[in-house]
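Reproduced below: target09.txt, with compact mmCIF, C-alpha atoms.
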# COMPACT_ATOMS: atom_id res chain seq x y z
CA MET A 1 69.20 -23.15 -24.84
CA SER A 2 65.52 -22.24 -24.79
CA THR A 3 65.56 -22.45 -21.00
CA LEU A 4 68.46 -20.00 -20.89
CA ILE A 5 66.69 -17.54 -23.21
CA ILE A 6 63.50 -17.67 -21.14
CA TRP A 7 65.47 -17.25 -17.92
CA ILE A 8 67.39 -14.24 -19.22
CA GLY A 9 64.12 -12.67 -20.35
CA LEU A 10 62.59 -13.15 -16.89
CA CYS A 11 65.72 -11.78 -15.24
CA LEU A 12 65.63 -8.65 -17.38
CA VAL A 13 61.95 -8.04 -16.65
CA PHE A 14 62.46 -8.60 -12.92
CA SER A 15 65.47 -6.29 -12.85
CA VAL A 16 63.55 -3.55 -14.70
CA VAL A 17 60.53 -3.83 -12.41
CA PHE A 18 62.75 -3.39 -9.33
CA VAL A 19 65.32 -1.06 -10.86
CA ARG A 20 64.75 1.43 -8.03
CA ARG A 21 64.83 -1.27 -5.34
CA MET A 22 67.99 -3.16 -6.14
CA HIS A 23 67.93 -5.06 -2.86
CA PHE A 24 64.93 -7.10 -4.05
CA VAL A 25 66.88 -8.31 -7.07
CA LEU A 26 69.99 -8.99 -4.98
CA ALA A 27 67.92 -10.96 -2.46
CA ALA A 28 66.63 -13.01 -5.40
CA VAL A 29 70.24 -13.60 -6.50
CA ILE A 30 71.02 -14.99 -3.05
CA ALA A 31 67.93 -17.21 -3.08
CA VAL A 32 68.61 -18.61 -6.54
CA ARG A 33 72.25 -19.34 -5.70
CA LEU A 34 71.26 -21.26 -2.58
CA LEU A 35 68.24 -23.09 -3.99
CA VAL A 36 69.86 -24.22 -7.26
CA PRO A 37 72.86 -26.42 -6.36
CA GLY A 38 76.05 -25.74 -8.26
CA VAL A 39 76.51 -29.43 -9.09
CA VAL A 40 73.39 -29.41 -11.29
CA GLN A 41 73.73 -25.99 -12.90
CA ASN A 42 74.81 -27.45 -16.23
CA ASP A 43 71.68 -29.61 -16.24
CA VAL A 44 69.57 -26.49 -15.70
CA MET A 45 71.19 -24.21 -18.28
CA PRO A 46 74.54 -23.95 -20.05
CA GLY A 47 77.49 -21.83 -18.95
CA LEU A 48 76.93 -19.92 -15.74
CA HIS A 49 74.82 -20.52 -12.67
CA PRO A 50 71.27 -19.09 -12.98
CA SER A 51 72.04 -16.64 -10.16
CA THR A 52 74.99 -15.26 -12.12
CA TYR A 53 72.82 -14.71 -15.17
CA LEU A 54 70.34 -12.87 -12.95
CA PHE A 55 73.09 -10.67 -11.55
CA LEU A 56 74.48 -9.87 -15.01
CA CYS A 57 70.99 -8.89 -16.20
CA PHE A 58 70.64 -6.74 -13.08
CA VAL A 59 73.93 -4.97 -13.82
CA LEU A 60 72.89 -4.36 -17.43
CA VAL A 61 69.57 -2.86 -16.32
CA GLN A 62 71.32 -0.63 -13.78
CA VAL A 63 73.74 0.62 -16.45
CA VAL A 64 70.91 1.43 -18.86
CA PHE A 65 68.20 2.75 -16.52
CA ALA A 66 70.19 4.04 -13.52
CA PRO A 67 73.68 4.93 -14.75
CA THR A 68 74.23 7.50 -12.00
CA ILE A 69 73.52 4.97 -9.26
CA PHE A 70 75.66 2.40 -11.05
CA GLY A 71 78.54 4.87 -11.06
CA ARG A 72 78.15 5.51 -7.34
CA VAL A 73 78.17 1.80 -6.59
CA ILE A 74 81.36 1.27 -8.60
CA ARG A 75 83.03 4.26 -6.93
CA SER A 76 81.99 2.96 -3.51
CA ALA A 77 84.11 -0.15 -4.12
CA GLY A 78 87.30 1.89 -4.39
CA VAL A 79 89.92 1.82 -7.11
CA TRP A 80 92.46 -0.56 -5.62
CA PRO A 81 90.13 -3.43 -4.66
CA GLN A 82 88.67 -3.45 -8.16
CA ALA A 83 92.11 -3.25 -9.74
CA ILE A 84 93.27 -6.18 -7.60
CA ILE A 85 90.26 -8.39 -8.35
CA GLY A 86 90.60 -7.53 -12.04
CA GLY A 87 94.30 -8.33 -11.99
CA MET A 88 93.71 -11.68 -10.30
CA ALA A 89 91.03 -12.55 -12.83
CA ALA A 90 93.44 -11.69 -15.66
CA VAL A 91 96.17 -13.86 -14.15
CA MET A 92 93.74 -16.77 -13.78
CA MET A 93 92.76 -16.44 -17.43
CA THR A 94 96.38 -17.08 -18.44
CA ASP A 95 95.77 -20.70 -17.44
CA VAL A 96 94.11 -21.13 -20.83
CA GLY A 97 97.53 -21.86 -22.33
CA ASN A 98 98.26 -24.56 -19.76
CA PRO A 99 98.14 -28.21 -20.98
CA GLY A 100 95.88 -29.09 -18.06
CA SER A 101 93.49 -26.18 -18.63
CA ALA A 102 89.77 -26.73 -19.07
CA GLY A 103 89.85 -24.40 -22.08
CA LEU A 104 89.04 -20.76 -22.77
CA LEU A 105 85.27 -20.92 -22.29
CA ASP A 106 85.23 -23.02 -19.12
CA THR A 107 88.03 -20.98 -17.55
CA ALA A 108 86.23 -17.72 -18.38
CA MET A 109 82.98 -19.08 -16.94
CA PHE A 110 84.75 -20.08 -13.73
CA VAL A 111 86.52 -16.73 -13.29
CA LEU A 112 83.34 -14.81 -14.03
CA GLY A 113 81.08 -16.95 -11.86
CA ILE A 114 83.38 -17.67 -8.91
CA VAL A 115 85.78 -14.72 -8.73
CA TRP A 116 84.31 -11.62 -10.38
CA ALA A 117 80.52 -11.82 -9.96
CA PRO A 118 80.41 -12.76 -6.21
CA TYR A 119 82.67 -9.82 -5.35
CA TYR A 120 80.48 -7.33 -7.20
CA ILE A 121 77.34 -8.81 -5.66
CA PHE A 122 78.97 -7.93 -2.34
CA VAL A 123 79.67 -4.39 -3.59
CA PHE A 124 76.05 -3.85 -4.66
CA MET A 125 74.68 -5.43 -1.47
CA ARG A 126 76.88 -3.24 0.72
CA TYR A 127 75.86 -0.10 -1.16
CA SER A 128 72.15 -0.93 -0.93
CA ILE A 129 72.37 -1.67 2.80
CA ARG A 130 74.05 1.68 3.40
CA SER A 131 71.80 3.77 1.17
CA LEU A 132 68.37 2.15 0.78
CA PRO A 133 66.04 1.99 3.81
CA GLY A 134 64.97 -1.56 4.50
CA ALA A 135 67.62 -3.20 2.32
CA GLY A 136 69.53 -4.73 5.20
CA LYS A 137 66.34 -6.05 6.76
CA ALA A 138 65.30 -7.55 3.41
CA PHE A 139 68.59 -9.46 3.21
CA LEU A 140 68.30 -10.60 6.83
CA VAL A 141 64.76 -11.87 6.21
CA ALA A 142 66.00 -13.65 3.08
CA PHE A 143 68.79 -15.44 4.96
CA THR A 144 66.39 -16.39 7.77
CA LEU A 145 63.69 -17.76 5.47
CA LEU A 146 66.24 -19.68 3.41
CA ALA A 147 67.73 -21.21 6.56
CA LEU A 148 64.28 -22.26 7.75
CA THR A 149 63.53 -23.73 4.33
CA GLU A 150 66.73 -25.76 4.41
CA ALA A 151 66.02 -26.90 7.97
CA VAL A 152 62.47 -28.06 7.19
CA LEU A 153 63.58 -29.74 3.98
CA SER A 154 66.44 -31.49 5.79
CA GLN A 155 64.10 -32.84 8.45
CA ILE A 156 61.71 -34.18 5.82
CA GLN A 157 64.56 -35.69 3.80
CA VAL A 158 65.77 -37.71 6.77
CA ALA A 159 62.23 -38.75 7.66
CA THR A 160 61.37 -39.92 4.15
CA GLY A 161 64.79 -40.97 2.87
CA ARG A 162 64.25 -38.95 -0.30
CA PRO A 163 65.95 -35.76 -1.56
CA LEU A 164 62.50 -34.34 -2.55
CA VAL A 165 64.18 -31.66 -4.68
CA TRP A 166 66.51 -32.23 -7.64
CA GLU A 167 65.91 -35.96 -7.17
CA SER A 168 66.99 -37.19 -10.59
CA GLU A 169 70.09 -34.96 -10.63
CA PHE A 170 71.20 -35.97 -7.15
CA SER A 171 70.62 -39.65 -7.88
CA LYS A 172 73.09 -39.40 -10.76
CA ILE A 173 75.75 -37.67 -8.66
CA TRP A 174 75.67 -38.85 -5.06
CA LEU A 175 73.38 -41.88 -5.02
CA THR A 176 73.59 -45.06 -7.09
CA GLY A 177 70.78 -44.45 -9.53
CA THR A 178 67.89 -44.43 -7.09
CA VAL A 179 66.34 -41.89 -4.73
CA SER A 180 65.79 -44.30 -1.86
CA GLU A 181 69.34 -44.41 -0.54
CA LEU A 182 69.57 -40.95 0.99
CA GLY A 183 71.34 -41.37 4.29
CA ALA A 184 71.63 -37.77 5.48
CA ALA A 185 70.13 -34.33 5.11
CA ILE A 186 71.43 -32.64 1.96
CA GLY A 187 69.00 -29.72 1.66
CA THR A 188 68.92 -28.10 -1.74
CA PHE A 189 72.72 -28.21 -1.90
CA GLY A 190 73.18 -31.88 -2.60
CA HIS A 191 75.59 -32.55 0.25
CA GLY A 192 75.34 -32.52 4.02
CA ILE A 193 78.57 -30.57 4.47
CA GLN A 194 77.08 -27.58 2.67
CA VAL A 195 73.99 -27.74 4.87
CA GLY A 196 76.22 -27.43 7.92
CA VAL A 197 78.29 -24.62 6.39
CA PHE A 198 75.15 -22.64 5.52
CA PHE A 199 73.72 -23.05 9.03
CA ALA A 200 77.07 -22.02 10.51
CA ALA A 201 77.09 -18.85 8.38
CA VAL A 202 73.52 -17.91 9.26
CA MET A 203 73.93 -18.50 12.98
CA PRO A 204 75.94 -15.29 13.73
CA LEU A 205 73.53 -13.25 11.57
CA LEU A 206 70.70 -14.14 13.95
CA ALA A 207 72.29 -11.67 16.37
CA LEU A 208 70.91 -8.93 14.12
CA ILE A 209 67.33 -9.96 14.94
CA LYS A 210 65.90 -7.67 17.58
CA SER A 211 63.70 -10.20 19.37
CA MET A 212 65.80 -12.40 21.63
CA PHE A 213 63.09 -15.07 21.77
CA LEU A 214 62.87 -15.28 17.96
CA ARG A 215 66.65 -15.24 17.70
CA PHE A 216 67.14 -18.24 19.95
CA THR A 217 64.14 -20.09 18.52
CA LEU A 218 65.69 -19.93 15.08
CA ALA A 219 69.05 -20.94 16.53
CA ALA A 220 67.40 -23.98 18.12
CA VAL A 221 65.91 -25.02 14.78
CA LEU A 222 69.32 -24.87 13.09
CA LEU A 223 71.17 -26.62 15.91
CA VAL A 224 68.63 -29.44 16.10
CA THR A 225 68.78 -29.96 12.34
CA VAL A 226 72.52 -29.75 11.65
CA PRO A 227 73.34 -33.19 13.19
CA LEU A 228 71.08 -34.75 10.54
CA ALA A 229 73.65 -33.77 7.90
CA TYR A 230 76.15 -36.08 9.65
CA GLY A 231 78.97 -33.62 9.07
CA ARG A 232 81.55 -33.07 11.79
CA MET A 233 82.83 -29.77 10.44
CA GLY A 234 79.35 -28.36 9.89
CA LEU A 235 78.31 -29.25 13.43
CA ILE A 236 81.45 -27.77 14.98
CA LEU A 237 81.21 -24.52 13.02
CA THR A 238 77.49 -24.17 13.76
CA VAL A 239 78.16 -24.60 17.47
CA VAL A 240 80.94 -21.98 17.24
CA GLY A 241 78.48 -19.66 15.52
CA PHE A 242 75.98 -20.29 18.30
CA VAL A 243 78.57 -19.44 20.96
CA PHE A 244 79.19 -16.17 19.14
CA LEU A 245 75.43 -15.55 19.07
CA VAL A 246 75.19 -16.06 22.83
CA ILE A 247 78.11 -13.74 23.52
CA ILE A 248 76.96 -10.89 21.31
CA GLY A 249 73.26 -11.63 21.26
CA GLY A 250 72.02 -9.19 23.85
CA GLN A 251 72.68 -7.11 26.92
CA LYS A 252 70.36 -9.19 29.09
CA VAL A 253 72.99 -11.71 30.09
CA LEU A 254 70.88 -13.91 32.36
CA ARG A 255 68.09 -14.29 29.81
CA SER A 256 70.64 -15.07 27.09
CA ILE A 257 72.23 -17.77 29.24
CA LEU A 258 68.86 -19.33 30.08
CA LEU A 259 67.74 -19.39 26.47
CA ALA A 260 71.12 -20.75 25.38
CA ALA A 261 70.79 -23.54 27.94
CA VAL A 262 67.36 -24.44 26.55
CA VAL A 263 68.72 -24.50 23.00
CA LEU A 264 71.69 -26.67 23.98
CA GLY A 265 69.32 -28.97 25.82
CA ALA A 266 67.29 -29.36 22.64
CA LEU A 267 70.50 -30.16 20.74
CA LEU A 268 71.48 -32.83 23.26
CA ILE A 269 68.02 -34.40 23.06
CA SER A 270 68.13 -34.38 19.25
CA ILE A 271 71.38 -36.36 19.12
CA GLN A 272 70.23 -39.08 21.49
CA GLY A 273 68.73 -41.14 18.68
CA GLU A 274 70.01 -42.61 15.43
CA ALA A 275 71.37 -39.28 14.20
CA GLY A 276 73.56 -38.94 17.24
CA GLU A 277 74.82 -42.49 16.91
CA LYS A 278 75.80 -42.01 13.26
CA LEU A 279 77.50 -38.72 14.03
CA LEU A 280 79.39 -40.24 16.95
CA ARG A 281 80.56 -43.07 14.73
CA LYS A 282 81.95 -40.52 12.29
CA PHE A 283 83.99 -38.96 15.09
CA GLU A 284 85.22 -42.38 16.21
CA ASP A 285 85.66 -44.00 12.78
CA ASP A 286 85.76 -41.78 9.70
CA ASN A 287 86.14 -44.71 7.26
CA GLY A 288 89.60 -43.60 6.25
CA SER A 289 88.66 -39.98 5.57
CA ALA A 290 91.52 -38.62 7.67
CA ALA A 291 94.03 -40.88 5.92
CA LEU A 292 92.82 -39.71 2.51
CA ARG A 293 93.19 -36.08 3.58
CA VAL A 294 96.73 -36.73 4.79
CA ALA A 295 97.58 -38.40 1.48
CA ALA A 296 96.07 -35.44 -0.41
CA PHE A 297 98.08 -32.97 1.68
CA ASP A 298 101.29 -34.94 1.14
CA TRP A 299 100.73 -35.01 -2.63
CA PHE A 300 99.99 -31.28 -2.67
CA TRP A 301 103.14 -30.45 -0.71
CA GLU A 302 105.34 -32.71 -2.84
CA HIS A 303 104.12 -31.20 -6.13
CA THR A 304 103.92 -27.49 -5.23
CA SER A 305 106.76 -26.65 -7.62
CA GLU A 306 104.62 -27.85 -10.53
CA PHE A 307 101.83 -25.33 -9.93
CA PHE A 308 103.44 -22.57 -7.88
CA SER A 309 103.02 -19.76 -10.40
CA GLY A 310 100.50 -21.39 -12.73
CA GLY A 311 97.99 -24.22 -12.90
CA TYR A 312 98.95 -27.88 -12.71
CA PRO A 313 100.00 -29.06 -16.19
CA GLY A 314 98.52 -32.55 -15.80
CA SER A 315 95.01 -33.84 -15.22
CA ARG A 316 93.38 -32.04 -12.32
CA ASP A 317 90.91 -34.80 -11.62
CA LEU A 318 93.32 -36.55 -9.28
CA LYS A 319 90.74 -39.02 -8.08
CA GLY A 320 89.48 -39.77 -11.57
CA VAL A 321 92.93 -40.66 -12.91
CA GLY A 322 93.79 -42.71 -9.84
CA THR A 323 96.48 -40.43 -8.43
CA LEU A 324 94.60 -40.08 -5.14
CA GLY A 325 91.78 -41.94 -3.47
CA SER A 326 89.83 -38.70 -3.14
CA SER A 327 89.97 -35.10 -4.25
CA LEU A 328 92.34 -32.73 -2.45
CA GLU A 329 89.49 -32.13 0.04
CA ASN A 330 90.45 -28.48 0.39
CA GLY A 331 88.92 -25.67 -1.62
CA TYR A 332 92.07 -23.56 -1.61
CA PHE A 333 94.22 -26.52 -2.70
CA ILE A 334 91.88 -27.27 -5.59
CA MET A 335 91.91 -23.65 -6.71
CA ALA A 336 95.72 -23.67 -6.49
CA LEU A 337 95.74 -26.75 -8.71
CA MET A 338 93.72 -24.79 -11.25
CA PHE A 339 95.48 -21.41 -11.22
CA GLY A 340 98.65 -21.73 -9.17
CA ILE A 341 99.55 -21.19 -5.54
CA LEU A 342 100.46 -17.52 -5.98
CA ALA A 343 97.05 -16.67 -7.45
CA VAL A 344 95.21 -18.42 -4.62
CA VAL A 345 97.35 -16.83 -1.92
CA ALA A 346 96.60 -13.43 -3.45
CA PHE A 347 92.87 -14.23 -3.55
CA PHE A 348 92.93 -15.45 0.06
CA ILE A 349 94.73 -12.31 1.26
CA PHE A 350 92.23 -10.21 -0.71
CA MET A 351 89.35 -11.92 1.10
CA LEU A 352 91.00 -11.39 4.48
CA CYS A 353 91.66 -7.71 3.78
CA LEU A 354 88.05 -7.10 2.78
CA LEU A 355 86.88 -9.02 5.86
CA PHE A 356 88.98 -6.95 8.28
CA GLY A 357 88.01 -3.83 6.37
CA GLN A 358 84.35 -4.37 7.27
CA ILE A 359 84.94 -4.64 11.02
CA ASP A 360 84.03 -1.67 13.15
CA ILE A 361 85.32 -2.53 16.61
CA LYS A 362 83.21 0.20 18.21
CA ASP A 363 80.02 -0.97 16.52
CA ARG A 364 78.96 -4.49 17.48
CA ALA A 365 76.43 -4.58 14.65
CA SER A 366 79.31 -5.11 12.21
CA TRP A 367 80.50 -8.23 14.02
CA PRO A 368 77.89 -10.83 12.95
CA GLY A 369 78.58 -10.38 9.22
CA THR A 370 82.34 -10.59 9.66
CA ALA A 371 82.05 -13.56 12.04
CA ALA A 372 79.90 -15.43 9.52
CA ALA A 373 82.41 -14.69 6.76
CA ALA A 374 85.29 -15.86 8.97
CA LEU A 375 83.55 -19.20 9.56
CA ILE A 376 83.23 -19.70 5.82
CA ILE A 377 86.93 -18.99 5.28
CA VAL A 378 87.63 -21.81 7.74
CA ALA A 379 85.04 -24.10 6.12
CA ILE A 380 86.64 -23.85 2.67
CA ASN A 381 89.66 -25.68 4.14
CA GLY A 382 87.56 -28.67 5.12
CA TYR A 383 86.22 -30.15 1.88
CA SER A 384 86.25 -29.89 -1.92
CA SER A 385 84.24 -26.67 -1.79
CA ILE A 386 85.29 -24.74 -4.91
CA GLY A 387 86.01 -27.97 -6.76
CA ALA A 388 82.41 -29.09 -6.19
CA ASN A 389 80.98 -25.70 -7.20
CA SER A 390 79.60 -25.29 -3.69
CA ILE A 391 78.07 -22.20 -2.10
CA ASP A 392 81.12 -21.18 -0.05
CA ILE A 393 82.70 -18.41 -2.12
CA HIS A 394 79.34 -16.82 -2.92
CA LEU A 395 78.16 -17.16 0.66
CA PHE A 396 81.33 -15.51 1.95
CA TRP A 397 80.59 -12.33 -0.02
CA PHE A 398 76.86 -12.47 0.75
CA VAL A 399 77.29 -12.54 4.52
CA LEU A 400 80.26 -10.15 4.53
CA ALA A 401 77.98 -7.46 3.10
CA MET A 402 75.82 -7.87 6.21
CA ALA A 403 78.61 -6.27 8.23
CA SER A 404 77.13 -2.96 7.03
CA TYR A 405 73.69 -3.78 8.44
CA ARG A 406 72.23 -1.70 11.26
CA ARG A 407 68.88 -2.34 12.93
CA THR A 408 67.96 1.33 12.66
CA ARG A 409 69.57 3.02 9.71
CA THR A 410 68.69 6.42 8.36
CA PRO A 411 70.58 7.26 5.18
CA ARG A 412 72.40 10.56 5.19
CA THR A 413 69.96 11.86 2.62
CA LYS A 414 66.24 11.43 3.11
CA LYS A 415 65.61 11.64 -0.63
CA ASP A 416 65.40 8.69 -2.95
CA PRO A 417 69.01 7.78 -3.82
CA TYR A 418 67.89 7.42 -7.43
CA GLN A 419 66.95 11.13 -7.50
CA VAL A 420 69.65 12.90 -5.51
CA SER A 421 72.86 14.19 -7.02
CA SER A 422 76.09 12.30 -6.55
CA SER A 423 77.47 15.09 -4.37
CA GLN A 424 74.99 14.13 -1.65
CA PHE A 425 76.44 10.67 -1.32
CA PRO A 426 79.74 9.69 0.29
CA VAL A 427 82.53 8.58 -1.97
CA PRO A 428 85.43 6.27 -1.11
CA ASN A 429 88.36 7.64 0.79
CA GLY A 430 90.72 6.03 -1.69
CA SER A 431 91.83 3.26 0.65
CA PRO A 432 92.96 0.17 -1.22
CA VAL A 433 91.69 -2.14 1.51
CA PHE A 434 89.17 -0.41 3.68
CA PRO A 435 85.93 0.59 1.95
CA ALA A 436 84.21 3.94 2.18
CA GLY A 437 83.07 4.99 5.62
CA ARG A 438 79.58 4.04 6.69
CA LEU A 439 76.78 6.51 6.35
CA ALA A 440 75.94 8.47 9.43
CA THR A 441 73.16 7.02 11.56
What does this structure look like when you write it as structure tokens?
Amino acid sequence: MSTLIIWIGLCLVFSVVFVRRMHFVLAAVIAVRLLVPGVVQNDVMPGLHPSTYLFLCFVLVQVVFAPTIFGRVIRSAGVWPQAIIGGMAAVMMTDVGNPGSAGLLDTAMFVLGIVWAPYYIFVFMRYSIRSLPGAGKAFLVAFTLLALTEAVLSQIQVATGRPLVWESEFSKIWLTGTVSELGAAIGTFGHGIQVGVFFAAVMPLLALIKSMFLRFTLAAVLLVTVPLAYGRMGLILTVVGFVFLVIIGGQKVLRSILLAAVVLGALLISIQGEAGEKLLRKFEDDNGSAALRVAAFDWFWEHTSEFFSGGYPGSRDLKGVGTLGSSLENGYFIMALMFGILAVVAFFIFMLCLLFGQIDIKDRASWPGTAAAALIIVAINGYSSIGANSIDIHLFWFVLAMASYRRTRTPRTKKDPYQVSSSQFPVPNGSPVFPAGRLAT
């Protein structure tokens, strides 16, 4: 508890110091969420993830010290999206009365930390990108530095066979009591799949970097590293993200093709050794993984009537009670088990609507953020995701906000947004799906 009190105190001080530069605090929220794995959050402090505590402190400081700006941010989200997310959260809370429920406190923590907070982080990020000079660049730099950190750490992990970070926690979860049995890159996430998903999400965002040489250099680092995670889905999605980067990455087609060829050459060289052999074996022999997924899908389909409108009434640890040989291996399925199929379908449609609402077909700068978010939506289908408290849901909202990023953005007002009147800022058009129009550039 003392750790939590100290952390909240630091979060409040940090939020007050940067009350006029909210993007610094939001960038810190992103960093904390990615650097502190969800699987160890309860070992760090009780209740919520440290990044969620930071965001809640940030919101409190904004309400107290910048109520006008806070009001503009909330209005920028629109009435209907907020009503929908609030309604879904309320429906999910009704699971408390279910025999299989985790209880009032745990359910509230999940809804707050996985459903409500990530969406409003997106709302604040989008507003700051559109109104504060340099906010979008700050987020882009944060994503880039975090990706490089994960890449370097992953390389060292494979070279040394040690997690290096969160060693004791990871040894209790994934390893068998020691730190010498690490067989793949797990980054700060604790699992190779999440390393691949993160790299896949960052890859399209590299298109927002002005320098083509820097863009493809960073892409090469990610592509060379992702095979070390030994994850098929992560590799495939990262390659898809790279293809997107090549297509949208610049108007100098010949130079883009040449640099892409060099990057792909580096990838081919990197998988010639032991990493490539292990990855190839996973494609050829998945040790029964596919069979377990089929069994999980069959069980889910056969029992849909038991959790169609509400959570599953029995134990939701299907692997722990021996019902299945693995988890459901699908983030949406696991969430449906917790809150019912209808709630998850509504949440999925909500995510899709917000994703399509950020796309500006005429402005290619909006494409990288939406492409990254689309890759994450696909990734959630491929493993436990939400059930393992992974980064996916948070990362979806983080990168989706980047759809508002422009390399050269001049806010409609040249004054500090914390000093101008609300009439000088755009307000939502009242659309239930599509957010307020972008500021003029």
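From atom CA of Pro50 of chain A back to atom CA of Leu235 of chain A, the distance works out to 29.2 Å.
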message = Between atom CA of Val221 of chain A and atom CA of Leu264 of chain A, what distance in Å does the model show, to one decimal?
response = 11.0 Å
Sphere at (75.4, -27.1, 1.6), radius 9 Å, counting all atoms listed in the file: residues as a short mmCIF file (atom, residue, chain, number, x, y, z; two decimals) with C-alpha atoms, in the frame of the given file:
data_model
loop_
_atom_site.label_atom_id
_atom_site.label_comp_id
_atom_site.auth_asym_id
_atom_site.auth_seq_id
_atom_site.Cartn_x
_atom_site.Cartn_y
_atom_site.Cartn_z
CA LEU A 34 71.26 -21.26 -2.58
CA PRO A 37 72.86 -26.42 -6.36
CA ILE A 186 71.43 -32.64 1.96
CA GLY A 187 69.00 -29.72 1.66
CA THR A 188 68.92 -28.10 -1.74
CA PHE A 189 72.72 -28.21 -1.90
CA GLY A 190 73.18 -31.88 -2.60
CA HIS A 191 75.59 -32.55 0.25
CA GLY A 192 75.34 -32.52 4.02
CA ILE A 193 78.57 -30.57 4.47
CA GLN A 194 77.08 -27.58 2.67
CA VAL A 195 73.99 -27.74 4.87
CA GLY A 196 76.22 -27.43 7.92
CA VAL A 197 78.29 -24.62 6.39
CA PHE A 198 75.15 -22.64 5.52
CA PHE A 199 73.72 -23.05 9.03
CA SER A 390 79.60 -25.29 -3.69
CA ILE A 391 78.07 -22.20 -2.10
CA ASP A 392 81.12 -21.18 -0.05
#
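The list of residues with at least one atom within 6 Å of Ala185 of chain A, based on all atoms listed in the file and without residues fewer than 4 positions apart in the same chain, reads Ser154, Gln157, Val158, Gly192, Leu228 and Ala229 of chain A.
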key: Pick from A:Leu10, A:Val39, A:Met338, A:Ile377 nearest to Phe350 of chain A, counting only C-alpha atoms   = A:Ile377
request  = Within 12 Å of (78.8, -4.0, 19.0) (coordinates as in the file), grab all the protein and nucleic acid residues, counting all atoms listed in the file, and write them out as a PyMOL selection string.
outcome  = chain A and resi 207-208+247-251+359-370+403+405-407
request  = Considering only C-alpha atoms, state which residue in the set A:Cys11, A:Ile236, A:Leu245, A:Ala346 is at the smallest distance from Ile257 of chain A.
outcome  = A:Leu245
Let me know the centre plus edge lengths, in Å and rounded to one decimal, of a box with edges along x, y and z that contains all listed atoms of segment 195-201 of chain A and is padded by 5 Å on every side, as lines of an AutoDock Vina configuration file.
center_x = 76.0
center_y = -23.3
center_z = 7.7
size_x = 14.6
size_y = 18.9
size_z = 15.6
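Take the candidates A:Gly103, A:Val64, A:Gly310, A:Ala374 and check each one against Trp397 of chain A using only C-alpha atoms; the shortest distance goes to A:Ala374.
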message = To one decimal place in Å, what is the distance between atom CA of Arg232 of chain A and atom CA of Ala336 of chain A?
response = 25.0 Å
